[in-house]
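To be precise, the following lines are structure20.cif, and they hold mmCIF, C-alpha atoms and all ligand atoms.
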data_final
loop_
_atom_site.group_PDB
_atom_site.id
_atom_site.type_symbol
_atom_site.label_atom_id
_atom_site.label_comp_id
_atom_site.auth_asym_id
_atom_site.auth_seq_id
_atom_site.Cartn_x
_atom_site.Cartn_y
_atom_site.Cartn_z
ATOM 1 C CA MET A 1 -10.840 -87.630 137.043
ATOM 2 C CA ALA A 2 -10.362 -86.685 133.415
ATOM 3 C CA THR A 3 -10.921 -88.835 130.356
ATOM 4 C CA ILE A 4 -7.645 -89.242 128.502
ATOM 5 C CA ILE A 5 -7.670 -88.230 124.839
ATOM 6 C CA ASP A 6 -5.804 -91.017 123.062
ATOM 7 C CA GLY A 7 -3.775 -89.294 120.348
ATOM 8 C CA LYS A 8 -2.036 -92.504 119.403
ATOM 9 C CA ALA A 9 -5.320 -94.266 118.583
ATOM 10 C CA ILE A 10 -6.832 -91.244 116.804
ATOM 11 C CA SER A 11 -3.670 -90.712 114.742
ATOM 12 C CA MET A 12 -3.803 -94.386 113.679
ATOM 13 C CA GLN A 13 -7.435 -93.941 112.630
ATOM 14 C CA ILE A 14 -6.433 -90.980 110.449
ATOM 15 C CA LYS A 15 -3.481 -92.806 108.920
ATOM 16 C CA ASP A 16 -5.740 -95.784 108.139
ATOM 17 C CA GLU A 17 -8.228 -93.447 106.439
ATOM 18 C CA CYS A 18 -5.326 -92.020 104.398
ATOM 19 C CA LYS A 19 -4.247 -95.552 103.480
ATOM 20 C CA GLU A 20 -7.737 -96.302 102.152
ATOM 21 C CA LYS A 21 -7.769 -93.070 100.168
ATOM 22 C CA VAL A 22 -4.359 -93.812 98.623
ATOM 23 C CA ALA A 23 -5.537 -97.300 97.633
ATOM 24 C CA LYS A 24 -8.617 -95.775 96.015
ATOM 25 C CA LEU A 25 -6.532 -93.199 94.144
ATOM 26 C CA LYS A 26 -4.165 -95.941 92.971
ATOM 27 C CA SER A 27 -7.124 -97.962 91.673
ATOM 28 C CA GLU A 28 -8.007 -94.902 89.586
ATOM 29 C CA GLY A 29 -4.452 -94.808 88.241
ATOM 30 C CA LYS A 30 -3.358 -91.839 90.391
ATOM 31 C CA SER A 31 -0.250 -91.877 92.583
ATOM 32 C CA VAL A 32 0.579 -89.861 95.704
ATOM 33 C CA ALA A 33 4.123 -88.645 96.349
ATOM 34 C CA LEU A 34 5.724 -86.488 99.038
ATOM 35 C CA ALA A 35 9.123 -84.876 98.441
ATOM 36 C CA VAL A 36 11.045 -84.571 101.717
ATOM 37 C CA ILE A 37 14.086 -82.294 101.740
ATOM 38 C CA GLN A 38 16.623 -82.239 104.571
ATOM 39 C CA VAL A 39 19.677 -79.986 104.541
ATOM 40 C CA GLY A 40 22.488 -80.944 106.916
ATOM 41 C CA GLU A 41 22.800 -83.519 109.666
ATOM 42 C CA ASP A 42 20.710 -82.241 112.601
ATOM 43 C CA PRO A 43 19.949 -85.485 114.497
ATOM 44 C CA ALA A 44 16.430 -84.404 115.564
ATOM 45 C CA SER A 45 15.608 -83.482 111.949
ATOM 46 C CA SER A 46 16.827 -86.903 110.785
ATOM 47 C CA VAL A 47 14.429 -88.582 113.247
ATOM 48 C CA TYR A 48 11.466 -86.428 112.066
ATOM 49 C CA VAL A 49 12.293 -87.000 108.386
ATOM 50 C CA ASN A 50 12.564 -90.730 108.950
ATOM 51 C CA ASN A 51 9.195 -90.823 110.737
ATOM 52 C CA LYS A 52 7.595 -88.916 107.848
ATOM 53 C CA LYS A 53 9.028 -91.385 105.330
ATOM 54 C CA LYS A 54 7.743 -94.307 107.430
ATOM 55 C CA ALA A 55 4.266 -92.751 107.573
ATOM 56 C CA CYS A 56 4.263 -92.392 103.752
ATOM 57 C CA GLU A 57 5.234 -96.038 103.465
ATOM 58 C CA TYR A 58 2.424 -97.018 105.869
ATOM 59 C CA ILE A 59 -0.281 -95.243 103.881
ATOM 60 C CA GLY A 60 1.119 -96.470 100.541
ATOM 61 C CA ALA A 61 2.344 -93.073 99.315
ATOM 62 C CA GLU A 62 5.718 -92.596 97.691
ATOM 63 C CA SER A 63 8.327 -90.534 99.537
ATOM 64 C CA LEU A 64 11.048 -88.909 97.468
ATOM 65 C CA SER A 65 13.986 -88.222 99.714
ATOM 66 C CA TYR A 66 16.482 -85.393 99.156
ATOM 67 C CA HIS A 67 19.185 -85.307 101.826
ATOM 68 C CA LEU A 68 21.487 -82.433 100.918
ATOM 69 C CA PRO A 69 24.844 -81.581 102.529
ATOM 70 C CA GLU A 70 25.102 -78.807 105.144
ATOM 71 C CA GLU A 71 27.003 -76.555 102.711
ATOM 72 C CA THR A 72 24.203 -76.591 100.089
ATOM 73 C CA SER A 73 23.646 -73.021 98.898
ATOM 74 C CA GLU A 74 20.321 -71.230 99.082
ATOM 75 C CA GLU A 75 20.314 -71.085 95.280
ATOM 76 C CA GLU A 76 20.775 -74.849 94.946
ATOM 77 C CA LEU A 77 17.926 -75.486 97.376
ATOM 78 C CA LEU A 78 15.667 -73.032 95.516
ATOM 79 C CA GLU A 79 16.507 -74.796 92.229
ATOM 80 C CA LEU A 80 15.494 -78.171 93.673
ATOM 81 C CA ILE A 81 12.220 -76.738 95.030
ATOM 82 C CA ASP A 82 11.487 -75.151 91.646
ATOM 83 C CA LYS A 83 12.045 -78.515 89.932
ATOM 84 C CA LEU A 84 9.703 -80.256 92.405
ATOM 85 C CA ASN A 85 7.089 -77.478 92.054
ATOM 86 C CA LYS A 86 6.975 -78.217 88.319
ATOM 87 C CA ASP A 87 6.974 -82.016 88.679
ATOM 88 C CA GLU A 88 3.389 -83.212 88.214
ATOM 89 C CA LYS A 89 4.155 -86.493 89.987
ATOM 90 C CA VAL A 90 4.936 -84.621 93.238
ATOM 91 C CA ASN A 91 1.847 -83.792 95.328
ATOM 92 C CA GLY A 92 3.545 -82.415 98.434
ATOM 93 C CA ILE A 93 6.888 -80.740 99.215
ATOM 94 C CA LEU A 94 8.330 -80.490 102.692
ATOM 95 C CA VAL A 95 11.576 -78.830 103.749
ATOM 96 C CA GLN A 96 12.533 -80.031 107.224
ATOM 97 C CA LEU A 97 13.181 -77.031 109.461
ATOM 98 C CA PRO A 98 15.427 -75.582 110.727
ATOM 99 C CA VAL A 99 17.621 -75.116 107.657
ATOM 100 C CA PRO A 100 21.302 -74.135 108.144
ATOM 101 C CA LYS A 101 21.861 -70.478 109.107
ATOM 102 C CA HIS A 102 23.186 -69.376 105.683
ATOM 103 C CA ILE A 103 19.793 -70.216 104.137
ATOM 104 C CA ASN A 104 16.842 -67.817 104.514
ATOM 105 C CA GLU A 105 14.047 -69.936 105.970
ATOM 106 C CA ASP A 106 11.271 -67.487 105.041
ATOM 107 C CA LEU A 107 12.434 -67.387 101.434
ATOM 108 C CA ILE A 108 12.447 -71.194 101.271
ATOM 109 C CA ILE A 109 8.919 -71.420 102.708
ATOM 110 C CA ARG A 110 7.711 -68.846 100.160
ATOM 111 C CA SER A 111 9.346 -70.691 97.261
ATOM 112 C CA ILE A 112 7.215 -73.824 97.694
ATOM 113 C CA ASP A 113 4.103 -73.942 95.481
ATOM 114 C CA PRO A 114 1.270 -73.130 97.946
ATOM 115 C CA ASP A 115 -0.727 -76.007 96.437
ATOM 116 C CA LYS A 116 2.060 -78.451 97.390
ATOM 117 C CA ASP A 117 2.803 -76.831 100.787
ATOM 118 C CA VAL A 118 1.668 -79.751 102.960
ATOM 119 C CA ASP A 119 3.137 -78.090 106.088
ATOM 120 C CA GLY A 120 0.770 -75.138 105.606
ATOM 121 C CA PHE A 121 3.524 -72.582 106.335
ATOM 122 C CA HIS A 122 3.325 -70.544 103.080
ATOM 123 C CA PRO A 123 1.833 -67.053 103.672
ATOM 124 C CA ILE A 124 -0.799 -67.842 101.001
ATOM 125 C CA ASN A 125 -2.031 -70.792 103.059
ATOM 126 C CA VAL A 126 -1.873 -68.763 106.281
ATOM 127 C CA GLY A 127 -3.974 -66.120 104.511
ATOM 128 C CA ARG A 128 -6.423 -68.716 103.193
ATOM 129 C CA LEU A 129 -6.953 -69.939 106.767
ATOM 130 C CA SER A 130 -7.550 -66.376 107.967
ATOM 131 C CA ILE A 131 -10.244 -65.662 105.399
ATOM 132 C CA GLY A 132 -11.837 -69.108 105.659
ATOM 133 C CA GLU A 133 -10.720 -70.400 102.249
ATOM 134 C CA LYS A 134 -9.676 -73.997 101.626
ATOM 135 C CA GLY A 135 -5.912 -74.502 101.864
ATOM 136 C CA PHE A 136 -3.240 -76.429 103.722
ATOM 137 C CA VAL A 137 -3.331 -75.930 107.506
ATOM 138 C CA SER A 138 -0.338 -76.315 109.848
ATOM 139 C CA CYS A 139 -0.357 -79.968 110.944
ATOM 140 C CA THR A 140 -0.182 -79.706 114.759
ATOM 141 C CA PRO A 141 -3.177 -77.339 115.177
ATOM 142 C CA ALA A 142 -5.127 -79.227 112.499
ATOM 143 C CA GLY A 143 -4.456 -82.384 114.528
ATOM 144 C CA ILE A 144 -5.810 -80.762 117.689
ATOM 145 C CA ILE A 145 -9.115 -80.004 115.927
ATOM 146 C CA GLU A 146 -9.316 -83.703 114.983
ATOM 147 C CA LEU A 147 -8.538 -84.756 118.572
ATOM 148 C CA LEU A 148 -11.352 -82.540 119.868
ATOM 149 C CA LYS A 149 -13.916 -83.568 117.251
ATOM 150 C CA ARG A 150 -13.171 -87.278 117.420
ATOM 151 C CA SER A 151 -13.395 -87.142 121.240
ATOM 152 C CA GLY A 152 -16.884 -85.655 120.956
ATOM 153 C CA VAL A 153 -15.952 -82.193 122.245
ATOM 154 C CA GLU A 154 -18.444 -79.521 121.165
ATOM 155 C CA ILE A 155 -16.445 -76.462 120.040
ATOM 156 C CA ALA A 156 -19.053 -73.981 118.789
ATOM 157 C CA GLY A 157 -19.879 -71.291 121.335
ATOM 158 C CA LYS A 158 -17.247 -72.478 123.829
ATOM 159 C CA GLU A 159 -14.713 -70.203 125.524
ATOM 160 C CA CYS A 160 -11.349 -71.265 124.123
ATOM 161 C CA VAL A 161 -8.058 -69.922 125.444
ATOM 162 C CA VAL A 162 -4.873 -70.593 123.473
ATOM 163 C CA ILE A 163 -1.603 -69.916 125.302
ATOM 164 C CA GLY A 164 1.142 -69.176 122.760
ATOM 165 C CA ARG A 165 1.154 -67.150 119.534
ATOM 166 C CA SER A 166 3.757 -68.903 117.383
ATOM 167 C CA ASN A 167 3.217 -69.061 113.616
ATOM 168 C CA ILE A 168 3.297 -72.852 113.676
ATOM 169 C CA VAL A 169 0.976 -73.561 116.619
ATOM 170 C CA GLY A 170 -0.635 -70.691 118.546
ATOM 171 C CA LYS A 171 -1.812 -68.420 115.695
ATOM 172 C CA PRO A 172 -3.175 -71.102 113.327
ATOM 173 C CA MET A 173 -4.737 -72.847 116.349
ATOM 174 C CA SER A 174 -6.624 -69.690 117.235
ATOM 175 C CA MET A 175 -7.832 -69.218 113.649
ATOM 176 C CA LEU A 176 -9.017 -72.828 113.501
ATOM 177 C CA MET A 177 -10.953 -72.537 116.770
ATOM 178 C CA LEU A 178 -12.523 -69.354 115.439
ATOM 179 C CA ARG A 179 -13.462 -71.214 112.239
ATOM 180 C CA GLU A 180 -15.143 -73.796 114.483
ATOM 181 C CA ASN A 181 -17.137 -70.955 116.090
ATOM 182 C CA ALA A 182 -15.430 -70.906 119.493
ATOM 183 C CA THR A 183 -14.966 -67.611 121.341
ATOM 184 C CA VAL A 184 -11.186 -67.369 121.218
ATOM 185 C CA THR A 185 -8.662 -65.589 123.435
ATOM 186 C CA ILE A 186 -4.934 -65.728 122.690
ATOM 187 C CA CYS A 187 -2.477 -65.387 125.591
ATOM 188 C CA HIS A 188 1.279 -64.926 125.295
ATOM 189 C CA SER A 189 4.384 -63.922 127.230
ATOM 190 C CA ARG A 190 3.083 -60.350 127.712
ATOM 191 C CA THR A 191 -0.376 -61.330 128.962
ATOM 192 C CA LYS A 192 -0.846 -59.587 132.324
ATOM 193 C CA ASP A 193 -2.916 -61.933 134.453
ATOM 194 C CA LEU A 194 -2.638 -65.282 132.718
ATOM 195 C CA LYS A 195 -4.546 -67.244 135.364
ATOM 196 C CA GLU A 196 -7.471 -64.859 135.292
ATOM 197 C CA VAL A 197 -7.831 -65.492 131.530
ATOM 198 C CA THR A 198 -7.147 -69.242 131.450
ATOM 199 C CA LYS A 199 -9.651 -69.845 134.270
ATOM 200 C CA ARG A 200 -12.398 -68.760 131.828
ATOM 201 C CA ALA A 201 -11.553 -71.498 129.341
ATOM 202 C CA ASP A 202 -13.891 -74.375 128.524
ATOM 203 C CA ILE A 203 -11.136 -75.515 126.166
ATOM 204 C CA LEU A 204 -7.565 -74.630 127.141
ATOM 205 C CA ILE A 205 -4.833 -75.183 124.542
ATOM 206 C CA VAL A 206 -1.307 -74.836 125.890
ATOM 207 C CA ALA A 207 1.641 -74.212 123.519
ATOM 208 C CA ILE A 208 4.166 -72.278 125.593
ATOM 209 C CA GLY A 209 7.336 -74.341 125.455
ATOM 210 C CA LYS A 210 7.807 -74.315 129.281
ATOM 211 C CA PRO A 211 7.831 -77.693 131.051
ATOM 212 C CA LYS A 212 4.845 -78.267 133.386
ATOM 213 C CA MET A 213 4.095 -74.539 133.675
ATOM 214 C CA ILE A 214 0.320 -74.898 133.722
ATOM 215 C CA ASP A 215 -0.933 -76.474 136.949
ATOM 216 C CA ALA A 216 -4.471 -76.821 138.347
ATOM 217 C CA SER A 217 -4.511 -73.209 139.526
ATOM 218 C CA TYR A 218 -4.808 -72.096 135.843
ATOM 219 C CA VAL A 219 -7.664 -74.457 134.988
ATOM 220 C CA LYS A 220 -11.436 -74.218 135.402
ATOM 221 C CA GLU A 221 -13.133 -77.307 136.832
ATOM 222 C CA GLY A 222 -14.317 -79.487 133.936
ATOM 223 C CA ALA A 223 -12.216 -77.812 131.230
ATOM 224 C CA VAL A 224 -10.821 -79.716 128.243
ATOM 225 C CA VAL A 225 -7.027 -79.350 128.368
ATOM 226 C CA ILE A 226 -4.809 -79.837 125.315
ATOM 227 C CA ASP A 227 -1.060 -79.933 125.934
ATOM 228 C CA VAL A 228 1.092 -79.184 122.880
ATOM 229 C CA GLY A 229 4.429 -79.049 124.717
ATOM 230 C CA ILE A 230 7.052 -81.763 124.433
ATOM 231 C CA HIS A 231 10.037 -81.726 126.777
ATOM 232 C CA ARG A 232 12.639 -84.092 128.082
ATOM 233 C CA PRO A 233 12.918 -82.786 131.672
ATOM 234 C CA ASP A 234 16.559 -83.833 131.895
ATOM 235 C CA PRO A 235 18.897 -85.300 129.259
ATOM 236 C CA ASP A 236 19.086 -88.728 130.966
ATOM 237 C CA SER A 237 15.373 -89.086 131.510
ATOM 238 C CA LYS A 238 13.457 -91.278 129.070
ATOM 239 C CA LYS A 239 10.181 -89.788 130.321
ATOM 240 C CA LEU A 240 8.735 -86.856 128.416
ATOM 241 C CA CYS A 241 6.531 -84.115 129.826
ATOM 242 C CA GLY A 242 4.422 -81.311 128.406
ATOM 243 C CA ASP A 243 3.711 -77.647 129.159
ATOM 244 C CA VAL A 244 0.961 -78.859 131.502
ATOM 245 C CA ASP A 245 1.623 -80.323 134.942
ATOM 246 C CA TYR A 246 -0.398 -83.453 134.181
ATOM 247 C CA ASP A 247 -0.662 -84.821 137.737
ATOM 248 C CA SER A 248 -1.936 -81.485 139.026
ATOM 249 C CA VAL A 249 -4.397 -80.762 136.171
ATOM 250 C CA GLU A 250 -5.793 -84.234 135.470
ATOM 251 C CA PRO A 251 -8.093 -84.292 138.551
ATOM 252 C CA VAL A 252 -9.671 -80.930 137.575
ATOM 253 C CA ALA A 253 -10.059 -81.390 133.807
ATOM 254 C CA SER A 254 -12.877 -83.265 132.078
ATOM 255 C CA LEU A 255 -10.660 -84.369 129.178
ATOM 256 C CA ILE A 256 -6.895 -84.110 128.837
ATOM 257 C CA THR A 257 -4.136 -85.057 126.394
ATOM 258 C CA PRO A 258 -1.183 -86.923 127.873
ATOM 259 C CA VAL A 259 2.480 -86.396 126.899
ATOM 260 C CA PRO A 260 3.529 -88.541 125.161
ATOM 261 C CA GLY A 261 0.589 -90.028 123.260
ATOM 262 C CA GLY A 262 -1.600 -86.919 122.955
ATOM 263 C CA VAL A 263 -0.938 -84.146 120.438
ATOM 264 C CA GLY A 264 2.486 -85.516 119.370
ATOM 265 C CA PRO A 265 1.373 -88.380 117.100
ATOM 266 C CA MET A 266 -1.234 -86.163 115.401
ATOM 267 C CA THR A 267 1.285 -83.966 113.582
ATOM 268 C CA ILE A 268 2.505 -86.649 111.165
ATOM 269 C CA ALA A 269 -1.007 -88.085 110.783
ATOM 270 C CA MET A 270 -2.232 -84.658 109.639
ATOM 271 C CA LEU A 271 0.752 -84.314 107.314
ATOM 272 C CA MET A 272 -0.433 -87.529 105.644
ATOM 273 C CA SER A 273 -3.994 -86.200 105.606
ATOM 274 C CA ASN A 274 -2.810 -82.965 103.961
ATOM 275 C CA LEU A 275 -0.858 -84.990 101.386
ATOM 276 C CA VAL A 276 -3.767 -87.229 100.509
ATOM 277 C CA ASN A 277 -6.718 -84.849 100.821
ATOM 278 C CA GLY A 278 -5.055 -81.549 99.913
HETATM 279 P P1 LIG A 301 7.361 -70.971 120.567
HETATM 280 O O1 LIG A 301 8.513 -70.899 121.511
HETATM 281 O O2 LIG A 301 7.523 -70.529 119.149
HETATM 282 O O3 LIG A 301 6.155 -70.111 121.179
HETATM 283 C C1 LIG A 301 5.852 -70.115 122.540
HETATM 284 C C2 LIG A 301 4.767 -69.121 122.801
HETATM 285 O O4 LIG A 301 4.468 -69.146 124.186
HETATM 286 C C3 LIG A 301 5.138 -67.689 122.437
HETATM 287 O O5 LIG A 301 4.136 -67.159 121.598
HETATM 288 C C4 LIG A 301 5.163 -66.937 123.774
HETATM 289 O O6 LIG A 301 4.560 -65.662 123.692
HETATM 290 C C5 LIG A 301 4.340 -67.837 124.675
HETATM 291 N N1 LIG A 301 4.863 -67.817 126.040
HETATM 292 C C6 LIG A 301 6.125 -68.009 126.456
HETATM 293 N N2 LIG A 301 6.222 -67.875 127.792
HETATM 294 C C7 LIG A 301 4.987 -67.559 128.241
HETATM 295 C C8 LIG A 301 4.432 -67.292 129.506
HETATM 296 N N3 LIG A 301 5.197 -67.329 130.609
HETATM 297 N N4 LIG A 301 3.129 -67.016 129.596
HETATM 298 C C9 LIG A 301 2.344 -66.989 128.496
HETATM 299 N N5 LIG A 301 2.816 -67.257 127.258
HETATM 300 C C10 LIG A 301 4.112 -67.537 127.132
HETATM 301 O O7 LIG A 301 6.813 -72.462 120.672
HETATM 302 P P2 LIG A 301 5.906 -73.349 119.680
HETATM 303 O O8 LIG A 301 6.681 -73.693 118.449
HETATM 304 O O9 LIG A 301 4.547 -72.760 119.536
HETATM 305 O O10 LIG A 301 5.814 -74.688 120.561
HETATM 306 C C11 LIG A 301 5.249 -74.696 121.852
HETATM 307 C C12 LIG A 301 5.473 -76.056 122.475
HETATM 308 O O11 LIG A 301 4.861 -77.046 121.667
HETATM 309 C C13 LIG A 301 6.938 -76.479 122.580
HETATM 310 O O12 LIG A 301 7.089 -77.219 123.758
HETATM 311 C C14 LIG A 301 7.154 -77.359 121.363
HETATM 312 O O13 LIG A 301 8.157 -78.317 121.567
HETATM 313 C C15 LIG A 301 5.818 -78.005 121.257
HETATM 314 N N6 LIG A 301 5.439 -78.419 119.895
HETATM 315 C C16 LIG A 301 4.895 -79.649 119.767
HETATM 316 C C17 LIG A 301 4.475 -80.090 118.524
HETATM 317 C C18 LIG A 301 3.848 -81.425 118.422
HETATM 318 O O14 LIG A 301 3.863 -82.039 117.381
HETATM 319 N N7 LIG A 301 3.248 -81.920 119.475
HETATM 320 C C19 LIG A 301 4.619 -79.280 117.401
HETATM 321 C C20 LIG A 301 5.157 -78.000 117.568
HETATM 322 C C21 LIG A 301 5.552 -77.574 118.828
#

Could you render the structure from this file as C-alpha cells?
Ligand code: NAD
Amino acid sequence: MATIIDGKAISMQIKDECKEKVAKLKSEGKSVALAVIQVGEDPASSVYVNNKKKACEYIGAESLSYHLPEETSEEELLELIDKLNKDEKVNGILVQLPVPKHINEDLIIRSIDPDKDVDGFHPINVGRLSIGEKGFVSCTPAGIIELLKRSGVEIAGKECVVIGRSNIVGKPMSMLMLRENATVTICHSRTKDLKEVTKRADILIVAIGKPKMIDASYVKEGAVVIDVGIHRPDPDSKKLCGDVDYDSVEPVASLITPVPGGVGPMTIAMLMSNLVNG
C-alpha cells in the first residue's frame, strides 16, 4: 500500500510561508502585487483567475485585475503589458491562457518582462532553467519538486521517467529533475515500448492528458508515482481522475499523488511562491 502525498496540505504550507514573507516585506515598507490579465469569457479561465486572486488575498499580496473583452486587439494587450512591465509597483504579470485566436500567444508570452514572468513561460526563463541559472520556473513542475522534497523523497541518483514533453509540464519537469541530479528519461507519444521504459523508474511522473492510461503494468514495485493529469471522466461526474489508474497503481507504488488533492493544488501555491520569492 502506498503512502499518499498530500498536495493540499503541502500547498497550504507553501502558501503560509508566502504569507509570512509578504508580512515581513510589508514591515520593511515593500508591497507585493500580481497583475492578472484575462481576455474574453472562457469559463474555465474565469475559475483559474478567480482562484489566483483568492490566493493573493490569502497571502496578503495585492492582485490587480484586468478583465478585457474578447475583441481586444493584440496591440491593446501588448500596450497593457508594456505599461505593467514599466510599473515598479507590479512584481508579477500573468496572462491567463488560452488567449482568443486572433492574438498570438507566443508573442504575448515574449512581451512580458522575464523578471515579472511568474508563470515561467518566457523563453529567457526556459533558457535560464536549462543552463541552471536562477529564474522563474513553470509552476506545476516546480510544485512537483516541492511535493517530492517535502515528502522526503531522495531524488539524486534516482531513475526518473517523465511521460509527456509539453512546454508547460513535461520539458521543464525533466530539466528540474536533472537539476536535482536524477537520471532522467523523457517519454512521449512516439516512444516505442513505453512500459519497458516506465518500468525502470524509481520516480514516475505522468503528464500525458489521457484518463487513467497508466496502470500497474507500467510501474515498478515501490516506485514513487506523480500524476499530473486532471480529467472529468464524464460531464455529469463530480469525481475527477488523473492520467494514472489510481486503484491499479496504488498497491504497487511506495508513494502516490491522488487526483484531486495531489499535484493540482501545488500550481497556484508555486505561483504565489514565484511572486513572493522571485
Ligand atoms: P499536452 O497535451 O500538452 O502534452 C501531453 C504529452 O503527452 C505530449 O508531450 C505527448 O507526446 C504525450 N503523450 C500523449 N499520448 C501519449 C502516449 N500514448 N504515450 C506516451 N506519451 C503520450 O498536456 P500537458 O499540458 O503537459 O498536460 C498533461 C496533463 O496534465 C493533462 O491532463 C492536463 O490537464 C494536466 N495538467 C495539470 C496541471 C495541474 O495543475 N495539475 C497543470 C497542467 C496540466

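Ranking A:Leu94, A:Ala61, A:Ser45, A:Ile4 by their shortest atom-to-atom distance to Lys26 (chain A), with only C-alpha atoms included, puts A:Ala61 first.
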
The PyMOL selection byres (((chain A and resi 263) around 9) and not hetatm) on the file shown: which residues, as a list in words? Asp6, Gly7, Lys8, Thr140, Pro141, Gly143, Ile144, Leu147, Ile226, Asp227, Val228, Gly229, Thr257, Pro258, Val259, Pro260, Gly261, Gly262, Gly264, Pro265, Met266 and Thr267 of chain A

Which chains and residue numbers are within 6 Å of ligand LIG 301 (chain A), counting only C-alpha atoms and all ligand atoms, if I want them as an MDAnalysis selection string? chainID A and resid 140 163:166 168:170 187:189 207:209 228:230 263:264 267

Write the residues you've just listed into a file as a PDB file, in the frame of the given file, and include C-alpha atoms for each of them.
ATOM      1  CA  THR A 140      -0.182 -79.706 114.759  1.00  0.00           C
ATOM      2  CA  ILE A 163      -1.603 -69.916 125.302  1.00  0.00           C
ATOM      3  CA  GLY A 164       1.142 -69.176 122.760  1.00  0.00           C
ATOM      4  CA  ARG A 165       1.154 -67.150 119.534  1.00  0.00           C
ATOM      5  CA  SER A 166       3.757 -68.903 117.383  1.00  0.00           C
ATOM      6  CA  ILE A 168       3.297 -72.852 113.676  1.00  0.00           C
ATOM      7  CA  VAL A 169       0.976 -73.561 116.619  1.00  0.00           C
ATOM      8  CA  GLY A 170      -0.635 -70.691 118.546  1.00  0.00           C
ATOM      9  CA  CYS A 187      -2.477 -65.387 125.591  1.00  0.00           C
ATOM     10  CA  HIS A 188       1.279 -64.926 125.295  1.00  0.00           C
ATOM     11  CA  SER A 189       4.384 -63.922 127.230  1.00  0.00           C
ATOM     12  CA  ALA A 207       1.641 -74.212 123.519  1.00  0.00           C
ATOM     13  CA  ILE A 208       4.166 -72.278 125.593  1.00  0.00           C
ATOM     14  CA  GLY A 209       7.336 -74.341 125.455  1.00  0.00           C
ATOM     15  CA  VAL A 228       1.092 -79.184 122.880  1.00  0.00           C
ATOM     16  CA  GLY A 229       4.429 -79.049 124.717  1.00  0.00           C
ATOM     17  CA  ILE A 230       7.052 -81.763 124.433  1.00  0.00           C
ATOM     18  CA  VAL A 263      -0.938 -84.146 120.438  1.00  0.00           C
ATOM     19  CA  GLY A 264       2.486 -85.516 119.370  1.00  0.00           C
ATOM     20  CA  THR A 267       1.285 -83.966 113.582  1.00  0.00           C
TER      21      THR A 267
END

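With distances restricted to all atoms listed in the file, A:Leu275 is the closest residue to Val90 (chain A) from A:Leu275, A:Val252, A:Val47, A:Val224.
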
Write out as number ranges by chain each polymer residue whose atoms come within 12 Å of Leu178 (chain A), counting all atoms listed in the file; drop sequence neighbours fewer than 4 positions from it. A: 129-132, 145, 155-162, 171-174, 182-186

Find, counting only C-alpha atoms, the residue in A:Lys116, A:Glu250, A:Glu154, A:Met175 that gets nearest to Arg128 (chain A). A:Met175

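The two atoms in question, CA of Ala223 (chain A) and CA of Asn181 (chain A), are spaced 17.3 Å apart.
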
Residues near Asn277 (chain A), cut-off 12 Å, only C-alpha atoms, skip fewer than 4 positions along chain, as a tab-separated table (two decimals) with C-alpha atoms, in the frame of the given file:
chain	number	residue	atom	x	y	z
A	14	ILE	CA	-6.43	-90.98	110.45
A	15	LYS	CA	-3.48	-92.81	108.92
A	17	GLU	CA	-8.23	-93.45	106.44
A	18	CYS	CA	-5.33	-92.02	104.40
A	19	LYS	CA	-4.25	-95.55	103.48
A	20	GLU	CA	-7.74	-96.30	102.15
A	21	LYS	CA	-7.77	-93.07	100.17
A	22	VAL	CA	-4.36	-93.81	98.62
A	25	LEU	CA	-6.53	-93.20	94.14
A	32	VAL	CA	0.58	-89.86	95.70
A	91	ASN	CA	1.85	-83.79	95.33
A	92	GLY	CA	3.54	-82.42	98.43
A	115	ASP	CA	-0.73	-76.01	96.44
A	116	LYS	CA	2.06	-78.45	97.39
A	118	VAL	CA	1.67	-79.75	102.96
A	134	LYS	CA	-9.68	-74.00	101.63
A	135	GLY	CA	-5.91	-74.50	101.86
A	136	PHE	CA	-3.24	-76.43	103.72
A	137	VAL	CA	-3.33	-75.93	107.51
A	269	ALA	CA	-1.01	-88.08	110.78
A	270	MET	CA	-2.23	-84.66	109.64
A	271	LEU	CA	0.75	-84.31	107.31
A	272	MET	CA	-0.43	-87.53	105.64
A	273	SER	CA	-3.99	-86.20	105.61

Write out as a ChimeraX atom specification which residues come within 12 Å of region 105-108 of chain A when counting all atoms listed in the file, dropping same-chain ones fewer than 3 positions away. /A:37,39,73-82,93-102,111-114,117,121-123,167

Export, as a short mmCIF file (atom, residue, chain, number, x, y, z; two decimals), in the frame of the given file, the selected residues with C-alpha atoms.
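Produced file again_30.cif, reproduced below:
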data_model
loop_
_atom_site.label_atom_id
_atom_site.label_comp_id
_atom_site.auth_asym_id
_atom_site.auth_seq_id
_atom_site.Cartn_x
_atom_site.Cartn_y
_atom_site.Cartn_z
CA ILE A 37 14.09 -82.29 101.74
CA VAL A 39 19.68 -79.99 104.54
CA SER A 73 23.65 -73.02 98.90
CA GLU A 74 20.32 -71.23 99.08
CA GLU A 75 20.31 -71.08 95.28
CA GLU A 76 20.78 -74.85 94.95
CA LEU A 77 17.93 -75.49 97.38
CA LEU A 78 15.67 -73.03 95.52
CA GLU A 79 16.51 -74.80 92.23
CA LEU A 80 15.49 -78.17 93.67
CA ILE A 81 12.22 -76.74 95.03
CA ASP A 82 11.49 -75.15 91.65
CA ILE A 93 6.89 -80.74 99.22
CA LEU A 94 8.33 -80.49 102.69
CA VAL A 95 11.58 -78.83 103.75
CA GLN A 96 12.53 -80.03 107.22
CA LEU A 97 13.18 -77.03 109.46
CA PRO A 98 15.43 -75.58 110.73
CA VAL A 99 17.62 -75.12 107.66
CA PRO A 100 21.30 -74.14 108.14
CA LYS A 101 21.86 -70.48 109.11
CA HIS A 102 23.19 -69.38 105.68
CA SER A 111 9.35 -70.69 97.26
CA ILE A 112 7.22 -73.82 97.69
CA ASP A 113 4.10 -73.94 95.48
CA PRO A 114 1.27 -73.13 97.95
CA ASP A 117 2.80 -76.83 100.79
CA PHE A 121 3.52 -72.58 106.34
CA HIS A 122 3.32 -70.54 103.08
CA PRO A 123 1.83 -67.05 103.67
CA ASN A 167 3.22 -69.06 113.62
#

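Among A:Arg110, A:Arg150, A:Lys53, A:His67, the residue with the shortest atom-to-atom distance to Ile10 (chain A), counting all atoms listed in the file, is A:Arg150.
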